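Shown here: structure17.tsv, TSV, N, CA and C atoms.
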```tsv
chain	number	residue	atom	x	y	z
Y	11	ALA	N	22.56	-2.61	-16.79
Y	11	ALA	CA	22.26	-2.08	-15.46
Y	11	ALA	C	22.70	-3.10	-14.40
Y	12	ASP	N	23.12	-2.57	-13.26
Y	12	ASP	CA	23.58	-3.48	-12.22
Y	12	ASP	C	22.38	-4.11	-11.49
Y	13	PRO	N	22.59	-5.25	-10.83
Y	13	PRO	CA	21.49	-5.97	-10.17
Y	13	PRO	C	20.79	-5.16	-9.08
Y	14	ALA	N	21.51	-4.30	-8.39
Y	14	ALA	CA	20.90	-3.49	-7.32
Y	14	ALA	C	19.88	-2.53	-7.90
Y	15	THR	N	20.18	-1.92	-9.03
Y	15	THR	CA	19.25	-0.99	-9.67
Y	15	THR	C	18.01	-1.72	-10.16
Y	16	ILE	N	18.20	-2.90	-10.72
Y	16	ILE	CA	17.06	-3.69	-11.20
Y	16	ILE	C	16.17	-4.08	-10.03
Y	17	ALA	N	16.77	-4.56	-8.93
Y	17	ALA	CA	16.00	-4.94	-7.75
Y	17	ALA	C	15.26	-3.74	-7.18
Y	18	PHE	N	15.94	-2.61	-7.11
Y	18	PHE	CA	15.33	-1.38	-6.59
Y	18	PHE	C	14.12	-0.98	-7.44
Y	19	THR	N	14.25	-1.06	-8.74
Y	19	THR	CA	13.16	-0.71	-9.65
Y	19	THR	C	11.99	-1.67	-9.49
Y	20	LEU	N	12.27	-2.96	-9.40
Y	20	LEU	CA	11.20	-3.96	-9.23
Y	20	LEU	C	10.45	-3.77	-7.92
Y	21	ILE	N	11.19	-3.54	-6.84
Y	21	ILE	CA	10.55	-3.37	-5.54
Y	21	ILE	C	9.73	-2.09	-5.53
Y	22	ASN	N	10.25	-1.01	-6.06
Y	22	ASN	CA	9.49	0.25	-6.12
Y	22	ASN	C	8.22	0.09	-6.95
Y	23	THR	N	8.31	-0.62	-8.06
Y	23	THR	CA	7.14	-0.84	-8.91
Y	23	THR	C	6.09	-1.65	-8.17
Y	24	ALA	N	6.52	-2.70	-7.48
Y	24	ALA	CA	5.58	-3.53	-6.72
Y	24	ALA	C	4.92	-2.72	-5.60
Y	25	LEU	N	5.68	-1.90	-4.91
Y	25	LEU	CA	5.11	-1.10	-3.82
Y	25	LEU	C	4.15	-0.04	-4.35
Y	26	ILE	N	4.45	0.54	-5.49
Y	26	ILE	CA	3.53	1.50	-6.10
Y	26	ILE	C	2.22	0.81	-6.49
Y	27	PHE	N	2.34	-0.39	-7.04
Y	27	PHE	CA	1.16	-1.18	-7.40
Y	27	PHE	C	0.32	-1.48	-6.17
Y	28	LEU	N	0.95	-1.88	-5.07
Y	28	LEU	CA	0.23	-2.18	-3.84
Y	28	LEU	C	-0.42	-0.93	-3.25
Y	29	GLY	N	0.26	0.20	-3.35
Y	29	GLY	CA	-0.31	1.45	-2.89
Y	29	GLY	C	-1.55	1.84	-3.70
Y	30	THR	N	-1.50	1.58	-4.99
Y	30	THR	CA	-2.65	1.86	-5.85
Y	30	THR	C	-3.83	0.96	-5.49
Y	31	ILE	N	-3.57	-0.30	-5.22
Y	31	ILE	CA	-4.63	-1.22	-4.80
Y	31	ILE	C	-5.25	-0.74	-3.49
Y	32	THR	N	-4.41	-0.28	-2.57
Y	32	THR	CA	-4.91	0.23	-1.30
Y	32	THR	C	-5.83	1.43	-1.51
Y	33	LEU	N	-5.43	2.34	-2.37
Y	33	LEU	CA	-6.25	3.51	-2.66
Y	33	LEU	C	-7.59	3.09	-3.24
Y	34	ILE	N	-7.59	2.15	-4.14
Y	34	ILE	CA	-8.83	1.66	-4.74
Y	34	ILE	C	-9.73	1.03	-3.68
Y	35	LEU	N	-9.13	0.24	-2.78
Y	35	LEU	CA	-9.92	-0.38	-1.70
Y	35	LEU	C	-10.56	0.66	-0.79
Y	36	ILE	N	-9.83	1.72	-0.48
Y	36	ILE	CA	-10.39	2.78	0.37
Y	36	ILE	C	-11.54	3.49	-0.35
Y	37	ILE	N	-11.39	3.73	-1.64
Y	37	ILE	CA	-12.47	4.37	-2.40
Y	37	ILE	C	-13.70	3.46	-2.46
Y	38	VAL	N	-13.49	2.16	-2.70
Y	38	VAL	CA	-14.61	1.21	-2.74
Y	38	VAL	C	-15.31	1.16	-1.40
Y	39	ALA	N	-14.54	1.10	-0.31
Y	39	ALA	CA	-15.13	1.06	1.02
Y	39	ALA	C	-15.93	2.33	1.30
Y	40	GLY	N	-15.41	3.46	0.88
Y	40	GLY	CA	-16.14	4.72	1.05
Y	40	GLY	C	-17.44	4.72	0.26
Y	41	PHE	N	-17.41	4.17	-0.93
Y	41	PHE	CA	-18.63	4.09	-1.74
Y	41	PHE	C	-19.66	3.17	-1.10
Y	42	ILE	N	-19.20	2.02	-0.59
Y	42	ILE	CA	-20.11	1.10	0.08
Y	42	ILE	C	-20.75	1.77	1.29
Y	43	TRP	N	-19.94	2.48	2.06
Y	43	TRP	CA	-20.45	3.16	3.25
Y	43	TRP	C	-21.44	4.26	2.85
Y	44	LEU	N	-21.10	4.98	1.80
Y	44	LEU	CA	-21.96	6.08	1.33
Y	44	LEU	C	-23.31	5.57	0.86
Y	45	THR	N	-23.33	4.42	0.23
Y	45	THR	CA	-24.58	3.87	-0.30
Y	45	THR	C	-25.26	2.90	0.66
Y	46	ALA	N	-24.75	2.76	1.87
Y	46	ALA	CA	-25.31	1.81	2.83
Y	46	ALA	C	-26.71	2.20	3.30
Y	47	ALA	N	-27.02	3.46	3.30
Y	47	ALA	CA	-28.34	3.96	3.72
Y	47	ALA	C	-28.72	3.44	5.10
Y	48	GLY	N	-27.76	3.40	6.00
Y	48	GLY	CA	-28.04	3.01	7.38
Y	48	GLY	C	-28.02	1.52	7.65
Y	49	GLU	N	-27.79	0.69	6.66
Y	49	GLU	CA	-27.74	-0.75	6.87
Y	49	GLU	C	-26.44	-1.10	7.59
Y	50	GLU	N	-26.60	-1.62	8.81
Y	50	GLU	CA	-25.44	-1.91	9.65
Y	50	GLU	C	-24.48	-2.93	9.02
Y	51	GLU	N	-25.01	-3.89	8.30
Y	51	GLU	CA	-24.17	-4.92	7.69
Y	51	GLU	C	-23.24	-4.32	6.64
Y	52	LYS	N	-23.78	-3.42	5.81
Y	52	LYS	CA	-22.95	-2.78	4.78
Y	52	LYS	C	-21.93	-1.83	5.42
Y	53	ILE	N	-22.33	-1.12	6.46
Y	53	ILE	CA	-21.41	-0.21	7.14
Y	53	ILE	C	-20.27	-1.00	7.77
Y	54	LYS	N	-20.60	-2.14	8.40
Y	54	LYS	CA	-19.56	-2.98	9.00
Y	54	LYS	C	-18.61	-3.51	7.92
Y	55	LYS	N	-19.17	-3.91	6.78
Y	55	LYS	CA	-18.34	-4.39	5.67
Y	55	LYS	C	-17.39	-3.29	5.20
Y	56	ALA	N	-17.92	-2.08	5.06
Y	56	ALA	CA	-17.08	-0.96	4.61
Y	56	ALA	C	-15.98	-0.66	5.63
Y	57	LYS	N	-16.32	-0.68	6.91
Y	57	LYS	CA	-15.32	-0.43	7.94
Y	57	LYS	C	-14.24	-1.50	7.93
Y	58	ASP	N	-14.65	-2.75	7.75
Y	58	ASP	CA	-13.67	-3.84	7.70
Y	58	ASP	C	-12.73	-3.69	6.51
Y	59	ILE	N	-13.28	-3.29	5.36
Y	59	ILE	CA	-12.44	-3.08	4.18
Y	59	ILE	C	-11.46	-1.94	4.43
Y	60	MET	N	-11.94	-0.86	5.03
Y	60	MET	CA	-11.06	0.28	5.32
Y	60	MET	C	-9.97	-0.09	6.31
Y	61	LYS	N	-10.33	-0.83	7.36
Y	61	LYS	CA	-9.32	-1.25	8.34
Y	61	LYS	C	-8.24	-2.09	7.67
Y	62	GLY	N	-8.65	-3.03	6.85
Y	62	GLY	CA	-7.68	-3.87	6.14
Y	62	GLY	C	-6.81	-3.06	5.19
Y	63	ALA	N	-7.43	-2.12	4.49
Y	63	ALA	CA	-6.67	-1.29	3.55
Y	63	ALA	C	-5.67	-0.41	4.28
Y	64	ILE	N	-6.07	0.14	5.43
Y	64	ILE	CA	-5.16	1.01	6.18
Y	64	ILE	C	-4.01	0.19	6.77
Y	65	MET	N	-4.31	-1.02	7.26
Y	65	MET	CA	-3.22	-1.89	7.75
Y	65	MET	C	-2.28	-2.24	6.60
Y	66	GLY	N	-2.83	-2.53	5.43
Y	66	GLY	CA	-2.01	-2.82	4.27
Y	66	GLY	C	-1.16	-1.63	3.86
Y	67	LEU	N	-1.76	-0.44	3.91
Y	67	LEU	CA	-1.02	0.78	3.56
Y	67	LEU	C	0.13	1.00	4.54
Y	68	THR	N	-0.12	0.74	5.81
Y	68	THR	CA	0.93	0.87	6.81
Y	68	THR	C	2.09	-0.07	6.51
Y	69	ILE	N	1.77	-1.30	6.16
Y	69	ILE	CA	2.80	-2.28	5.82
Y	69	ILE	C	3.55	-1.86	4.56
Y	70	VAL	N	2.82	-1.38	3.55
Y	70	VAL	CA	3.46	-0.95	2.30
Y	70	VAL	C	4.39	0.23	2.54
Y	71	LEU	N	3.93	1.21	3.31
Y	71	LEU	CA	4.78	2.38	3.58
Y	71	LEU	C	6.00	2.00	4.40
Y	72	GLY	N	5.82	1.10	5.37
Y	72	GLY	CA	6.97	0.63	6.14
Y	72	GLY	C	7.96	-0.12	5.26
Y	73	SER	N	7.45	-0.94	4.37
Y	73	SER	CA	8.31	-1.68	3.43
Y	73	SER	C	9.04	-0.73	2.50
Y	74	TYR	N	8.34	0.29	2.04
Y	74	TYR	CA	8.96	1.26	1.14
Y	74	TYR	C	10.09	2.00	1.86
Y	75	GLY	N	9.82	2.43	3.09
Y	75	GLY	CA	10.86	3.13	3.85
Y	75	GLY	C	12.06	2.24	4.11
Y	76	LEU	N	11.81	0.99	4.48
Y	76	LEU	CA	12.89	0.05	4.72
Y	76	LEU	C	13.68	-0.22	3.44
Y	77	ALA	N	12.99	-0.39	2.33
Y	77	ALA	CA	13.67	-0.63	1.06
Y	77	ALA	C	14.53	0.57	0.67
Y	78	GLN	N	13.99	1.76	0.83
Y	78	GLN	CA	14.76	2.97	0.51
Y	78	GLN	C	16.03	3.03	1.36
Y	79	TYR	N	15.86	2.78	2.66
Y	79	TYR	CA	17.01	2.83	3.57
Y	79	TYR	C	18.07	1.80	3.18
Y	80	LEU	N	17.62	0.56	2.96
Y	80	LEU	CA	18.57	-0.51	2.64
Y	80	LEU	C	19.29	-0.27	1.32
Y	81	PHE	N	18.56	0.14	0.31
Y	81	PHE	CA	19.21	0.37	-0.98
Y	81	PHE	C	20.15	1.56	-0.94
Y	82	THR	N	19.81	2.58	-0.17
Y	82	THR	CA	20.72	3.71	-0.01
Y	82	THR	C	21.99	3.25	0.70
Y	83	ALA	N	21.82	2.47	1.76
Y	83	ALA	CA	22.98	1.97	2.49
Y	83	ALA	C	23.84	1.07	1.62
Y	84	ILE	N	23.22	0.24	0.80
Y	84	ILE	CA	23.98	-0.65	-0.09
Y	84	ILE	C	24.75	0.16	-1.13
Y	85	ARG	N	24.11	1.17	-1.70
Y	85	ARG	CA	24.79	1.99	-2.71
Y	85	ARG	C	25.98	2.73	-2.12
Y	86	ILE	N	25.79	3.26	-0.90
Y	86	ILE	CA	26.89	3.98	-0.25
Y	86	ILE	C	28.04	3.01	0.08
Y	87	ALA	N	27.70	1.82	0.55
Y	87	ALA	CA	28.71	0.84	0.92
Y	87	ALA	C	29.50	0.31	-0.28
Y	88	THR	N	28.86	0.27	-1.43
Y	88	THR	CA	29.54	-0.30	-2.61
Y	88	THR	C	30.26	0.74	-3.46
Y	89	GLN	N	30.19	1.98	-3.08
Y	89	GLN	CA	30.89	3.01	-3.87
Y	89	GLN	C	32.29	3.23	-3.39
```

Show the structure stored in the file as structure tokens.
Amino acid sequence: ADPATIAFTLINTALIFLGTITLILIIVAGFIWLTAAGEEEKIKKAKDIMKGAIMGLTIVLGSYGLAQYLFTAIRIATQ
């Protein structure tokens, strides 16, 4: 396999892994919020986790889009 395909596969795998971690963090934050029973400290903790996870998801999706664009451009340029 050529190096571009290997790099593309590695980056896609890493981004899928990061997306999975983000999903898990959002589920954990939702569970913490659900079980907070009105405790402001737990609710704040859950909100902070969700904010961080959403910022991370935004970065991951932006990276994925940029990687897709760059690898498509590289493949077209090298053909």

task = Compare Y:Ile69, Y:Gln78, Y:Ile42, Y:Gln89 by their minimum atom-to-atom distance to Lys55 (chain Y), counting all atoms listed in the file, and give me the closest one.
result = Y:Ile42

message = For a test of reading the model, state the distance in Å between atom N of Ile21 (chain Y) and CA of Ala63 (chain Y), rounded to one decimal.
response =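 Computing the Euclidean distance for atom N of Ile21 (chain Y) and CA of Ala63 (chain Y) yields 20.8 Å.
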
key: Long-range neighbours of region 22-29 of chain Y as an NGL selection string, 8 Å cut-off, all atoms listed in the file, 5 positions minimum in chain   = :Y and (16-17 or 34-35 or 66-67 or 70-71 or 73-74 or 77)

key: Interatomic distance (Å, one decimal) between CA of Leu76 (chain Y) and CA of Phe18 (chain Y)   =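 About the pair CA of Leu76 (chain Y) and CA of Phe18 (chain Y): they are 11.7 Å apart.
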
query = Which one is closest to Gly62 (chain Y): Y:Gly75, Y:Glu50, Y:Ile36, Y:Phe81? Count only C-alpha atoms.
reply =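 Among the listed residues, the smallest separation from Gly62 (chain Y) belongs to Y:Ile36.
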
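Going from atom C of Lys52 (chain Y) over to atom N of Ile64 (chain Y), you cover 16.0 Å.
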